[in-house]
Each structure stands twice: as C-alpha cells, then as structure tokens.
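Chemist: Okay, so here is run_39.pdb, and as you'll see once you scroll down, it has PDB, C-alpha atoms.
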```pdb
ATOM      1  CA  MET A  12     100.841 103.922  88.653  1.00  0.00           C
ATOM      2  CA  LEU A  13      99.521 101.953  91.621  1.00  0.00           C
ATOM      3  CA  VAL A  14      97.430  99.826  89.259  1.00  0.00           C
ATOM      4  CA  LEU A  15     100.573  99.098  87.245  1.00  0.00           C
ATOM      5  CA  THR A  16     102.329  98.107  90.463  1.00  0.00           C
ATOM      6  CA  PHE A  17      99.613  95.492  90.999  1.00  0.00           C
ATOM      7  CA  SER A  18     100.051  94.409  87.389  1.00  0.00           C
ATOM      8  CA  THR A  19     103.793  93.961  87.901  1.00  0.00           C
ATOM      9  CA  GLY A  20     103.096  91.692  90.858  1.00  0.00           C
ATOM     10  CA  VAL A  21     100.947  89.532  88.596  1.00  0.00           C
ATOM     11  CA  ILE A  22     103.656  89.362  85.925  1.00  0.00           C
ATOM     12  CA  ASP A  23     106.400  88.519  88.419  1.00  0.00           C
ATOM     13  CA  ALA A  24     104.300  85.679  89.812  1.00  0.00           C
ATOM     14  CA  VAL A  25     103.835  84.353  86.287  1.00  0.00           C
ATOM     15  CA  GLY A  26     107.562  84.646  85.643  1.00  0.00           C
ATOM     16  CA  TYR A  27     108.765  83.080  88.862  1.00  0.00           C
ATOM     17  CA  LEU A  28     106.227  80.273  89.096  1.00  0.00           C
ATOM     18  CA  GLY A  29     105.576  79.641  85.416  1.00  0.00           C
ATOM     19  CA  LEU A  30     108.851  80.531  83.688  1.00  0.00           C
ATOM     20  CA  ASP A  31     111.321  78.608  85.851  1.00  0.00           C
ATOM     21  CA  ARG A  32     112.052  81.098  88.641  1.00  0.00           C
ATOM     22  CA  VAL A  33     112.552  84.246  86.585  1.00  0.00           C
ATOM     23  CA  PHE A  34     111.557  87.772  87.595  1.00  0.00           C
ATOM     24  CA  THR A  35     110.646  89.900  84.592  1.00  0.00           C
ATOM     25  CA  GLY A  36     109.761  93.059  86.539  1.00  0.00           C
ATOM     26  CA  ASN A  37     111.795  92.946  89.750  1.00  0.00           C
ATOM     27  CA  MET A  38     115.349  93.112  88.451  1.00  0.00           C
ATOM     28  CA  THR A  39     116.841  93.159  91.955  1.00  0.00           C
ATOM     29  CA  GLY A  40     115.549  89.656  92.559  1.00  0.00           C
ATOM     30  CA  ASN A  41     116.535  88.639  89.045  1.00  0.00           C
ATOM     31  CA  VAL A  42     120.144  89.764  89.483  1.00  0.00           C
ATOM     32  CA  VAL A  43     120.369  87.872  92.786  1.00  0.00           C
ATOM     33  CA  ILE A  44     118.950  84.704  91.203  1.00  0.00           C
ATOM     34  CA  LEU A  45     121.336  85.048  88.258  1.00  0.00           C
ATOM     35  CA  ALA A  46     124.359  85.520  90.517  1.00  0.00           C
ATOM     36  CA  MET A  47     123.463  82.412  92.525  1.00  0.00           C
ATOM     37  CA  ALA A  48     122.751  80.460  89.344  1.00  0.00           C
ATOM     38  CA  LEU A  49     126.195  81.288  87.972  1.00  0.00           C
ATOM     39  CA  THR A  50     127.711  79.520  90.977  1.00  0.00           C
ATOM     40  CA  GLY A  51     125.608  76.434  90.238  1.00  0.00           C
ATOM     41  CA  ALA A  52     123.495  76.864  93.357  1.00  0.00           C
ATOM     42  CA  ASP A  53     120.419  74.641  93.615  1.00  0.00           C
ATOM     43  CA  GLY A  54     120.085  74.193  89.873  1.00  0.00           C
ATOM     44  CA  LEU A  55     118.855  77.758  89.355  1.00  0.00           C
ATOM     45  CA  PRO A  56     118.380  78.820  85.714  1.00  0.00           C
ATOM     46  CA  VAL A  57     120.840  81.085  83.914  1.00  0.00           C
ATOM     47  CA  ASP A  58     119.320  81.607  80.476  1.00  0.00           C
ATOM     48  CA  GLY A  59     115.943  82.942  81.667  1.00  0.00           C
ATOM     49  CA  PRO A  60     117.330  85.596  84.035  1.00  0.00           C
ATOM     50  CA  VAL A  61     119.882  86.694  81.417  1.00  0.00           C
ATOM     51  CA  VAL A  62     117.172  87.111  78.771  1.00  0.00           C
ATOM     52  CA  ALA A  63     114.846  88.924  81.192  1.00  0.00           C
ATOM     53  CA  LEU A  64     117.602  91.287  82.352  1.00  0.00           C
ATOM     54  CA  ALA A  65     118.797  92.101  78.834  1.00  0.00           C
ATOM     55  CA  MET A  66     115.289  92.702  77.512  1.00  0.00           C
ATOM     56  CA  PHE A  67     114.294  94.777  80.544  1.00  0.00           C
ATOM     57  CA  MET A  68     117.268  97.069  79.923  1.00  0.00           C
ATOM     58  CA  LEU A  69     116.395  97.257  76.235  1.00  0.00           C
ATOM     59  CA  GLY A  70     112.822  98.211  77.110  1.00  0.00           C
ATOM     60  CA  ALA A  71     113.954 100.947  79.480  1.00  0.00           C
ATOM     61  CA  LEU A  72     116.378 102.201  76.821  1.00  0.00           C
ATOM     62  CA  ILE A  73     113.577 102.352  74.243  1.00  0.00           C
ATOM     63  CA  ALA A  74     111.367 104.289  76.664  1.00  0.00           C
ATOM     64  CA  GLY A  75     114.191 106.720  77.371  1.00  0.00           C
ATOM     65  CA  ARG A  76     114.797 107.261  73.684  1.00  0.00           C
ATOM     66  CA  VAL A  77     111.115 107.863  72.942  1.00  0.00           C
ATOM     67  CA  LEU A  78     110.689 110.284  75.857  1.00  0.00           C
ATOM     68  CA  ARG A  79     114.030 112.078  75.678  1.00  0.00           C
ATOM     69  CA  LEU A  80     112.611 115.276  74.159  1.00  0.00           C
ATOM     70  CA  THR A  81     109.375 115.399  76.154  1.00  0.00           C
ATOM     71  CA  PRO A  82     108.973 117.175  79.517  1.00  0.00           C
ATOM     72  CA  ALA A  83     108.434 115.123  82.667  1.00  0.00           C
ATOM     73  CA  GLY A  84     104.861 114.006  83.236  1.00  0.00           C
ATOM     74  CA  TRP A  85     102.286 112.202  81.122  1.00  0.00           C
ATOM     75  CA  SER A  86     102.351 112.931  77.399  1.00  0.00           C
ATOM     76  CA  GLY A  87     101.046 111.403  74.219  1.00  0.00           C
ATOM     77  CA  ARG A  88     104.280 109.454  73.946  1.00  0.00           C
ATOM     78  CA  SER A  89     103.740 108.043  77.432  1.00  0.00           C
ATOM     79  CA  THR A  90     100.353 106.805  76.282  1.00  0.00           C
ATOM     80  CA  ALA A  91     101.909 105.190  73.221  1.00  0.00           C
ATOM     81  CA  LEU A  92     104.475 103.390  75.366  1.00  0.00           C
ATOM     82  CA  PHE A  93     101.880 102.050  77.801  1.00  0.00           C
ATOM     83  CA  VAL A  94      99.681 100.924  74.908  1.00  0.00           C
ATOM     84  CA  ALA A  95     102.702  99.102  73.475  1.00  0.00           C
ATOM     85  CA  VAL A  96     103.247  97.409  76.842  1.00  0.00           C
ATOM     86  CA  GLY A  97      99.603  96.361  77.014  1.00  0.00           C
ATOM     87  CA  LEU A  98      99.634  94.977  73.481  1.00  0.00           C
ATOM     88  CA  LEU A  99     102.869  93.079  74.108  1.00  0.00           C
ATOM     89  CA  LEU A 100     101.390  91.505  77.230  1.00  0.00           C
ATOM     90  CA  ALA A 101      98.196  90.695  75.331  1.00  0.00           C
ATOM     91  CA  ALA A 102     100.190  89.058  72.533  1.00  0.00           C
ATOM     92  CA  SER A 103     102.109  86.973  75.075  1.00  0.00           C
ATOM     93  CA  ALA A 104      98.870  85.914  76.747  1.00  0.00           C
ATOM     94  CA  GLY A 105      97.320  85.067  73.390  1.00  0.00           C
ATOM     95  CA  ALA A 106     100.315  82.949  72.439  1.00  0.00           C
ATOM     96  CA  MET A 107     100.015  80.935  75.636  1.00  0.00           C
ATOM     97  CA  LEU A 108      96.294  80.423  75.031  1.00  0.00           C
ATOM     98  CA  VAL A 109      96.719  78.959  71.540  1.00  0.00           C
ATOM     99  CA  LEU A 110      99.979  77.012  71.868  1.00  0.00           C
ATOM    100  CA  THR A 111     100.061  73.379  72.865  1.00  0.00           C
ATOM    101  CA  GLN A 112     101.894  72.454  76.067  1.00  0.00           C
ATOM    102  CA  ALA A 113     104.962  71.320  74.117  1.00  0.00           C
ATOM    103  CA  GLN A 114     104.960  74.501  72.027  1.00  0.00           C
ATOM    104  CA  ALA A 115     104.503  76.631  75.146  1.00  0.00           C
ATOM    105  CA  ASP A 116     107.495  74.973  76.784  1.00  0.00           C
ATOM    106  CA  ASP A 117     109.612  75.746  73.714  1.00  0.00           C
ATOM    107  CA  ALA A 118     108.405  79.362  73.713  1.00  0.00           C
ATOM    108  CA  ARG A 119     109.152  80.111  77.368  1.00  0.00           C
ATOM    109  CA  LEU A 120     112.374  82.006  76.677  1.00  0.00           C
ATOM    110  CA  ALA A 121     110.596  84.116  74.049  1.00  0.00           C
ATOM    111  CA  ILE A 122     107.796  84.856  76.524  1.00  0.00           C
ATOM    112  CA  THR A 123     110.378  85.715  79.184  1.00  0.00           C
ATOM    113  CA  GLY A 124     112.002  88.165  76.778  1.00  0.00           C
ATOM    114  CA  ALA A 125     108.668  89.718  75.824  1.00  0.00           C
ATOM    115  CA  LEU A 126     107.666  90.211  79.462  1.00  0.00           C
ATOM    116  CA  GLY A 127     111.080  91.638  80.344  1.00  0.00           C
ATOM    117  CA  LEU A 128     110.855  94.066  77.428  1.00  0.00           C
ATOM    118  CA  ALA A 129     107.348  95.139  78.453  1.00  0.00           C
ATOM    119  CA  MET A 130     108.332  95.698  82.083  1.00  0.00           C
ATOM    120  CA  GLY A 131     111.402  97.692  81.028  1.00  0.00           C
ATOM    121  CA  VAL A 132     109.302 100.009  78.869  1.00  0.00           C
ATOM    122  CA  GLN A 133     106.779 100.368  81.695  1.00  0.00           C
ATOM    123  CA  ALA A 134     109.480 101.168  84.248  1.00  0.00           C
ATOM    124  CA  GLY A 135     111.061 103.753  81.962  1.00  0.00           C
ATOM    125  CA  ALA A 136     107.751 105.449  81.196  1.00  0.00           C
ATOM    126  CA  ALA A 137     106.784 105.457  84.886  1.00  0.00           C
ATOM    127  CA  ARG A 138     110.142 106.978  85.798  1.00  0.00           C
ATOM    128  CA  HIS A 139     109.531 109.802  83.314  1.00  0.00           C
ATOM    129  CA  ILE A 140     106.044 110.478  84.679  1.00  0.00           C
ATOM    130  CA  GLY A 141     107.652 110.704  88.104  1.00  0.00           C
ATOM    131  CA  VAL A 142     105.059 109.654  90.678  1.00  0.00           C
ATOM    132  CA  LYS A 143     107.124 109.741  93.870  1.00  0.00           C
ATOM    133  CA  ASP A 144     107.742 106.351  95.520  1.00  0.00           C
ATOM    134  CA  VAL A 145     105.846 104.448  92.821  1.00  0.00           C
ATOM    135  CA  THR A 146     108.225 102.947  90.257  1.00  0.00           C
ATOM    136  CA  THR A 147     105.693 100.176  89.404  1.00  0.00           C
ATOM    137  CA  VAL A 148     108.407  97.478  89.376  1.00  0.00           C
ATOM    138  CA  VAL A 149     110.079  97.486  92.806  1.00  0.00           C
ATOM    139  CA  VAL A 150     109.124  98.405  96.378  1.00  0.00           C
ATOM    140  CA  THR A 151     112.455  98.097  98.228  1.00  0.00           C
ATOM    141  CA  SER A 152     113.076 101.851  98.260  1.00  0.00           C
ATOM    142  CA  THR A 153     109.393 102.414  99.047  1.00  0.00           C
ATOM    143  CA  LEU A 154     109.652 100.187 102.121  1.00  0.00           C
ATOM    144  CA  ALA A 155     112.839 101.946 103.225  1.00  0.00           C
ATOM    145  CA  GLY A 156     111.180 105.348 102.877  1.00  0.00           C
ATOM    146  CA  LEU A 157     108.052 104.185 104.679  1.00  0.00           C
ATOM    147  CA  ALA A 158     110.060 103.103 107.715  1.00  0.00           C
ATOM    148  CA  PHE A 159     112.703 105.860 107.611  1.00  0.00           C
ATOM    149  CA  ASP A 160     110.219 108.736 107.372  1.00  0.00           C
ATOM    150  CA  SER A 161     107.761 107.305 109.895  1.00  0.00           C
ATOM    151  CA  ARG A 162     106.996 108.899 113.261  1.00  0.00           C
ATOM    152  CA  PHE A 163     109.311 106.337 114.855  1.00  0.00           C
ATOM    153  CA  GLY A 164     112.132 107.167 112.445  1.00  0.00           C
ATOM    154  CA  HIS A 165     113.121 110.486 110.884  1.00  0.00           C
ATOM    155  CA  ARG A 166     109.613 111.924 111.444  1.00  0.00           C
ATOM    156  CA  VAL A 167     109.455 113.537 108.018  1.00  0.00           C
ATOM    157  CA  GLY A 168     106.055 114.157 106.454  1.00  0.00           C
ATOM    158  CA  GLN A 169     105.407 111.478 103.855  1.00  0.00           C
ATOM    159  CA  GLN A 170     102.744 110.153 101.534  1.00  0.00           C
ATOM    160  CA  TRP A 171     102.490 106.968 103.602  1.00  0.00           C
ATOM    161  CA  PRO A 172      99.133 105.802 102.176  1.00  0.00           C
ATOM    162  CA  ARG A 173     100.596 105.770  98.660  1.00  0.00           C
ATOM    163  CA  ARG A 174     103.762 104.025  99.821  1.00  0.00           C
ATOM    164  CA  LEU A 175     101.814 101.447 101.785  1.00  0.00           C
ATOM    165  CA  LEU A 176      99.440 100.848  98.883  1.00  0.00           C
ATOM    166  CA  ALA A 177     102.376 100.252  96.535  1.00  0.00           C
ATOM    167  CA  VAL A 178     103.699  97.526  98.841  1.00  0.00           C
ATOM    168  CA  VAL A 179     100.286  95.944  99.385  1.00  0.00           C
ATOM    169  CA  LEU A 180      99.343  96.047  95.709  1.00  0.00           C
ATOM    170  CA  ILE A 181     102.492  94.394  94.396  1.00  0.00           C
ATOM    171  CA  GLY A 182     101.918  91.613  96.925  1.00  0.00           C
ATOM    172  CA  ALA A 183      98.245  91.361  96.006  1.00  0.00           C
ATOM    173  CA  GLY A 184      99.216  91.208  92.349  1.00  0.00           C
ATOM    174  CA  ALA A 185     101.651  88.375  93.019  1.00  0.00           C
ATOM    175  CA  ALA A 186      98.971  86.448  94.908  1.00  0.00           C
ATOM    176  CA  THR A 187      96.496  87.026  92.072  1.00  0.00           C
ATOM    177  CA  GLY A 188      99.043  85.923  89.499  1.00  0.00           C
ATOM    178  CA  ALA A 189      99.721  82.709  91.418  1.00  0.00           C
ATOM    179  CA  ILE A 190      96.003  81.925  91.614  1.00  0.00           C
ATOM    180  CA  LEU A 191      95.427  82.614  87.915  1.00  0.00           C
ATOM    181  CA  LEU A 192      98.437  80.495  87.001  1.00  0.00           C
ATOM    182  CA  ASP A 193      96.664  77.483  88.474  1.00  0.00           C
ATOM    183  CA  VAL A 194      93.808  78.100  86.038  1.00  0.00           C
ATOM    184  CA  HIS A 195      95.827  78.875  82.884  1.00  0.00           C
ATOM    185  CA  PHE A 196      99.296  80.198  82.131  1.00  0.00           C
ATOM    186  CA  GLY A 197      98.014  83.049  79.965  1.00  0.00           C
ATOM    187  CA  LEU A 198      95.364  84.482  82.299  1.00  0.00           C
ATOM    188  CA  GLY A 199      97.723  86.539  84.461  1.00  0.00           C
ATOM    189  CA  MET A 200      99.313  88.135  81.419  1.00  0.00           C
ATOM    190  CA  GLY A 201      95.870  88.817  79.995  1.00  0.00           C
ATOM    191  CA  LEU A 202      94.779  90.556  83.185  1.00  0.00           C
ATOM    192  CA  SER A 203      97.933  92.681  83.237  1.00  0.00           C
ATOM    193  CA  ALA A 204      97.421  93.573  79.582  1.00  0.00           C
ATOM    194  CA  ALA A 205      93.862  94.745  80.247  1.00  0.00           C
ATOM    195  CA  LEU A 206      94.898  96.784  83.293  1.00  0.00           C
ATOM    196  CA  THR A 207      97.764  98.421  81.403  1.00  0.00           C
ATOM    197  CA  LEU A 208      95.543  99.433  78.496  1.00  0.00           C
ATOM    198  CA  ILE A 209      92.944 100.867  80.897  1.00  0.00           C
ATOM    199  CA  VAL A 210      95.653 102.883  82.661  1.00  0.00           C
ATOM    200  CA  ALA A 211      96.916 104.108  79.281  1.00  0.00           C
ATOM    201  CA  LEU A 212      93.425 105.296  78.329  1.00  0.00           C
ATOM    202  CA  LEU A 213      92.703 107.002  81.649  1.00  0.00           C
ATOM    203  CA  GLY A 214      96.152 108.571  81.794  1.00  0.00           C
ATOM    204  CA  HIS A 215      95.797 109.897  78.267  1.00  0.00           C
ATOM    205  CA  LEU A 216      92.380 111.386  78.979  1.00  0.00           C
ATOM    206  CA  GLY A 217      93.564 112.945  82.227  1.00  0.00           C
ATOM    207  CA  ARG A 218      96.879 114.336  81.004  1.00  0.00           C
ATOM    208  CA  PRO A 219      97.399 118.131  80.916  1.00  0.00           C
ATOM    209  CA  HIS A 220      96.411 119.682  77.603  1.00  0.00           C
ATOM    210  CA  PRO A 221      98.204 122.807  76.352  1.00  0.00           C
ATOM    211  CA  VAL A 222      96.046 125.900  76.004  1.00  0.00           C
ATOM    212  CA  ASP A 223      95.695 127.184  72.454  1.00  0.00           C
ATOM    213  CA  ASP A 224      96.169 130.918  72.972  1.00  0.00           C
ATOM    214  CA  ALA A 225      95.582 131.700  69.318  1.00  0.00           C
ATOM    215  CA  GLY A 226      92.302 129.842  69.279  1.00  0.00           C
ATOM    216  CA  GLY A 227      91.107 131.564  72.432  1.00  0.00           C
ATOM    217  CA  ALA A 228      91.961 135.071  71.264  1.00  0.00           C
TER     218      ALA A 228
END
```
Could you express the structure from this file as structure tokens?
Modeler:
Amino acid sequence: MLVLTFSTGVIDAVGYLGLDRVFTGNMTGNVVILAMALTGADGLPVDGPVVALAMFMLGALIAGRVLRLTPAGWSGRSTALFVAVGLLLAASAGAMLVLTQAQADDARLAITGALGLAMGVQAGAARHIGVKDVTTVVVTSTLAGLAFDSRFGHRVGQQWPRRLLAVVLIGAGAATGAILLDVHFGLGMGLSAALTLIVALLGHLGRPHPVDDAGGA
C-alpha cells in the first residue's frame, strides 16, 4: 500500500501540472479547487475537477460492488481490481505516447476521467484490504494521527514509521511525477502503471490461501 501511495503522488502531479490543475487521487484538494472555481476565482477549471470527482466516485463504487461479498483483506478480486487499475494507467500512458500534441490536448478530459476512475478503484480496494493509516490517496488523517498520537500529544502507541513513510512517499511521488512530466506527459502514468501491476502480483502471491482440509486428510 505504501508503494501505491507513492504512485498516487505521481498521478496527482501529472493531474495538477499536466491536466490543468486537477487532482485525480486527492479528492479533498479537488473539491476545494472545484468550489473555488465555481466562484470564478483565478480562472480555475470546472470541467476537469467535476470529471475527476465523478469518475473517482464511480471507481470506488465499482470496487465496493466487486468486493461486497468478500471478507476484508487481500483476495483474488483485490488482485483483479489492482490489475485493472494498472492496465487503465498503462492505457492512458500509451495514449499520451502515441497522440500528437493537438490530439493530446483534446483528450485531456478523457485522460482525467480515466485517472480518476483508476484512483477510485484503487482507493476502494485499499480500503477493503484495510492497512491502517494507509489509504493510498490521502495523508491528511495520517498526519493528524501522527501528531495526535505522538509522545508530545496523546502518547498513544502508534505505527509512526508507516505513517511517516506514507507522508514522505506521497510527496516523493509528486516530486517524481513533476520531474517525469518535464520529459514526457505519459512517463509518470507509465511508472504508476508498472508499480501498480507489481503490487498486484506481489499482493496476490502473498495473500492468505485457504487450507484444503479434504486434500490434507
């Protein structure tokens, strides 16, 4: 999940810097941008944030529907969802690599929707797996918990290395995404696609397997 947090940072950098100030993973920031845009503030975009928000919610809904009958934790369906996310990111990256600049500009809303959908599915699947303090798409609550439960705050035992890593990795991902964007628009999405597919493979291989009592008898 920490690797996916890094990946989200990459995607949000691509969205904000390359898709006209749109967050496709961090919906808190997206809602704030949308609210300001609706007042006409600073020429902020409306269509991109609306598309990203709607598709993110659709992605989370799809993940919830797929996982509704499965117990919490990693399952074969979780793997399928993460593979779908990786393939969607790869398709978006591939589109940006083959389209001309004019075509890419025309396709930006479609790419925004695809990234929002992918991040919604990822967030829903991560929520079902339930790694505490690692949602993969936002670190606000992680930061609050890190400070609140610290020795200077509530002094409650906490997994502070994991919380701190989540914060650092989403920032590192954003920095990486910004650097890759200077090279080519599709590279950040390609990196996130590769990381997501690797996580899907490792998670699938490491998931708990039910014991076949009949076979062992």
Chemist: Written as a CSV table (one decimal) with C-alpha atoms, in the coordinates of the input, which residues does the PyMOL selection byres ((chain A and resi 78-86) around 6) give for the file shown?
Modeler:
```
chain,number,residue,atom,x,y,z
A,75,GLY,CA,114.2,106.7,77.4
A,76,ARG,CA,114.8,107.3,73.7
A,77,VAL,CA,111.1,107.9,72.9
A,87,GLY,CA,101.0,111.4,74.2
A,88,ARG,CA,104.3,109.5,73.9
A,89,SER,CA,103.7,108.0,77.4
A,139,HIS,CA,109.5,109.8,83.3
A,140,ILE,CA,106.0,110.5,84.7
A,218,ARG,CA,96.9,114.3,81.0
```
Chemist: Give me the region 25-54 of chain A side of the contact with region 67-74 of chain A, cut-off 10 Å, one line per residue showing its nearest atom pair and distance in Å at one decimal, counting only C-alpha atoms, sorted by chain and residue number, as JSON lines.
Modeler:
```
{"residue": "A:Thr35", "atom": "CA", "partner": "A:Phe67", "partner_atom": "CA", "distance": 7.3}
{"residue": "A:Gly36", "atom": "CA", "partner": "A:Phe67", "partner_atom": "CA", "distance": 7.7}
{"residue": "A:Asn37", "atom": "CA", "partner": "A:Phe67", "partner_atom": "CA", "distance": 9.7}
{"residue": "A:Met38", "atom": "CA", "partner": "A:Phe67", "partner_atom": "CA", "distance": 8.1}
```
Chemist: Those selected residues, please, written with C-alpha atoms and delivered as a CSV table (one decimal), keeping the file's coordinate frame.
Modeler:
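As written to disk, part_7.csv reads:
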```
chain,number,residue,atom,x,y,z
A,35,THR,CA,110.6,89.9,84.6
A,36,GLY,CA,109.8,93.1,86.5
A,37,ASN,CA,111.8,92.9,89.8
A,38,MET,CA,115.3,93.1,88.5
```
Chemist: Find the residue from A:Phe93, A:Phe196, A:Phe159, A:Tyr27 that sits nearest to Ala63 (chain A); use only C-alpha atoms when measuring.
Modeler: A:Tyr27
Chemist: Pick out the residues sitting within 12 Å of Asp58 (chain A), and hand them over as a list of chain:residue names; count all atoms listed in the file, and ignore anything fewer than 6 positions along from it in its own chain.
Modeler: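 So, after excluding close chain neighbours, the residues are A:Leu30, A:Asp31, A:Arg32, A:Val33, A:Asn41, A:Ile44, A:Leu45, A:Ala46, A:Ala48, A:Leu49, A:Leu64, A:Ala65, A:Arg119, A:Leu120, A:Ala121, A:Thr123, A:Gly124.
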Chemist: Excluding region 207-215 of chain A and any residue of its chain fewer than 3 positions from it, enumerate the residues within 10 Å of it, using only C-alpha atoms, and give them as an MDAnalysis selection string.
Modeler: chainID A and resid 12:15 18:19 85:98 100:101 133 201:204 218:220
Chemist: Near Phe17 (chain A), counting all atoms listed in the file, which residues have an atom at most 7 Å away, once you skip same-chain residues fewer than 6 positions from it, shown as a CSV table (one decimal) with C-alpha atoms, keeping the file's coordinate frame?
Modeler:
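Result file selection_27.csv:
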```csv
chain,number,residue,atom,x,y,z
A,180,LEU,CA,99.3,96.0,95.7
A,181,ILE,CA,102.5,94.4,94.4
A,183,ALA,CA,98.2,91.4,96.0
A,184,GLY,CA,99.2,91.2,92.3
```
Chemist: One decimal, Å: what's the distance from CA of Asp23 (chain A) over to CA of Ala185 (chain A), could you say?
Modeler: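 CA of Asp23 (chain A) sits 6.6 Å away from CA of Ala185 (chain A).
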Chemist: What's the 10 Å shell around Ile122 (chain A), counting only C-alpha atoms, without same-chain residues fewer than 5 positions away, as an mmCIF file with C-alpha atoms, keeping the file's coordinate frame?
Modeler:
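The resulting file, result-v1.cif, is reproduced below:
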```cif
data_model
loop_
_atom_site.group_PDB
_atom_site.id
_atom_site.type_symbol
_atom_site.label_atom_id
_atom_site.label_comp_id
_atom_site.auth_asym_id
_atom_site.auth_seq_id
_atom_site.Cartn_x
_atom_site.Cartn_y
_atom_site.Cartn_z
ATOM 1 C CA GLY A 26 107.562 84.646 85.643
ATOM 2 C CA LEU A 30 108.851 80.531 83.688
ATOM 3 C CA THR A 35 110.646 89.900 84.592
ATOM 4 C CA GLY A 59 115.943 82.942 81.667
ATOM 5 C CA VAL A 62 117.172 87.111 78.771
ATOM 6 C CA ALA A 63 114.846 88.924 81.192
ATOM 7 C CA LEU A 99 102.869 93.079 74.108
ATOM 8 C CA LEU A 100 101.390 91.505 77.230
ATOM 9 C CA ALA A 102 100.190 89.058 72.533
ATOM 10 C CA SER A 103 102.109 86.973 75.075
ATOM 11 C CA ALA A 104 98.870 85.914 76.747
ATOM 12 C CA ALA A 106 100.315 82.949 72.439
ATOM 13 C CA MET A 107 100.015 80.935 75.636
ATOM 14 C CA ALA A 115 104.503 76.631 75.146
ATOM 15 C CA ASP A 116 107.495 74.973 76.784
ATOM 16 C CA ASP A 117 109.612 75.746 73.714
ATOM 17 C CA GLY A 127 111.080 91.638 80.344
ATOM 18 C CA LEU A 128 110.855 94.066 77.428
#
```
Chemist: What does the PyMOL selection byres ((chain A and resi 173) around 10) select in this file, as a list in words?
Modeler: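 Going through the file, the PyMOL selection byres ((chain A and resi 173) around 10) ends up selecting Leu13, Val142, Lys143, Asp144, Val145, Thr153, Leu157, Gln169, Gln170, Trp171, Pro172, Arg174, Leu175, Leu176, Ala177, Val178 and Val179 of chain A.
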Chemist: Find the distance between CA of Gly199 (chain A) and CA of Thr187 (chain A) and write it in Å to one decimal.
Modeler: 7.7 Å
Chemist: Quick one: pull the distance between CA of Gln114 (chain A) and CA of Val57 (chain A), Å, one decimal.
Modeler: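 Computed distance, CA of Gln114 (chain A) to CA of Val57 (chain A), equals 20.9 Å.
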Chemist: What would region 100-119 of chain A look like with N, CA and C atoms in place, written as a short mmCIF file (atom, residue, chain, number, x, y, z; two decimals), in the frame of the given file?
Modeler:
```cif
data_model
loop_
_atom_site.label_atom_id
_atom_site.label_comp_id
_atom_site.auth_asym_id
_atom_site.auth_seq_id
_atom_site.Cartn_x
_atom_site.Cartn_y
_atom_site.Cartn_z
N LEU A 100 101.89 92.46 76.24
CA LEU A 100 101.39 91.50 77.23
C LEU A 100 100.22 90.70 76.67
N ALA A 101 99.34 91.38 75.93
CA ALA A 101 98.20 90.70 75.33
C ALA A 101 98.65 89.65 74.31
N ALA A 102 99.67 90.01 73.52
CA ALA A 102 100.19 89.06 72.53
C ALA A 102 100.81 87.84 73.22
N SER A 103 101.51 88.08 74.32
CA SER A 103 102.11 86.97 75.08
C SER A 103 101.03 86.07 75.65
N ALA A 104 99.98 86.70 76.20
CA ALA A 104 98.87 85.91 76.75
C ALA A 104 98.19 85.11 75.65
N GLY A 105 97.96 85.75 74.50
CA GLY A 105 97.32 85.07 73.39
C GLY A 105 98.13 83.88 72.90
N ALA A 106 99.45 84.05 72.87
CA ALA A 106 100.32 82.95 72.44
C ALA A 106 100.18 81.76 73.37
N MET A 107 100.13 82.02 74.67
CA MET A 107 100.02 80.94 75.64
C MET A 107 98.65 80.25 75.56
N LEU A 108 97.64 80.99 75.12
CA LEU A 108 96.29 80.42 75.03
C LEU A 108 96.13 79.50 73.83
N VAL A 109 96.90 79.74 72.76
CA VAL A 109 96.72 78.96 71.54
C VAL A 109 97.78 77.88 71.36
N LEU A 110 98.91 78.00 72.04
CA LEU A 110 99.98 77.01 71.87
C LEU A 110 99.67 75.74 72.64
N THR A 111 100.14 74.63 72.12
CA THR A 111 100.06 73.38 72.86
C THR A 111 101.07 73.42 74.01
N GLN A 112 100.98 72.47 74.93
CA GLN A 112 101.89 72.45 76.07
C GLN A 112 103.34 72.35 75.61
N ALA A 113 103.60 71.48 74.63
CA ALA A 113 104.96 71.32 74.12
C ALA A 113 105.45 72.61 73.46
N GLN A 114 104.58 73.24 72.67
CA GLN A 114 104.96 74.50 72.03
C GLN A 114 105.19 75.60 73.06
N ALA A 115 104.35 75.63 74.09
CA ALA A 115 104.50 76.63 75.15
C ALA A 115 105.82 76.46 75.88
N ASP A 116 106.21 75.22 76.12
CA ASP A 116 107.50 74.97 76.78
C ASP A 116 108.65 75.48 75.93
N ASP A 117 108.56 75.28 74.62
CA ASP A 117 109.61 75.75 73.71
C ASP A 117 109.65 77.27 73.62
N ALA A 118 108.50 77.91 73.87
CA ALA A 118 108.40 79.36 73.71
C ALA A 118 108.67 80.12 75.00
N ARG A 119 109.03 79.44 76.07
CA ARG A 119 109.15 80.11 77.37
C ARG A 119 110.22 81.20 77.38
#
```
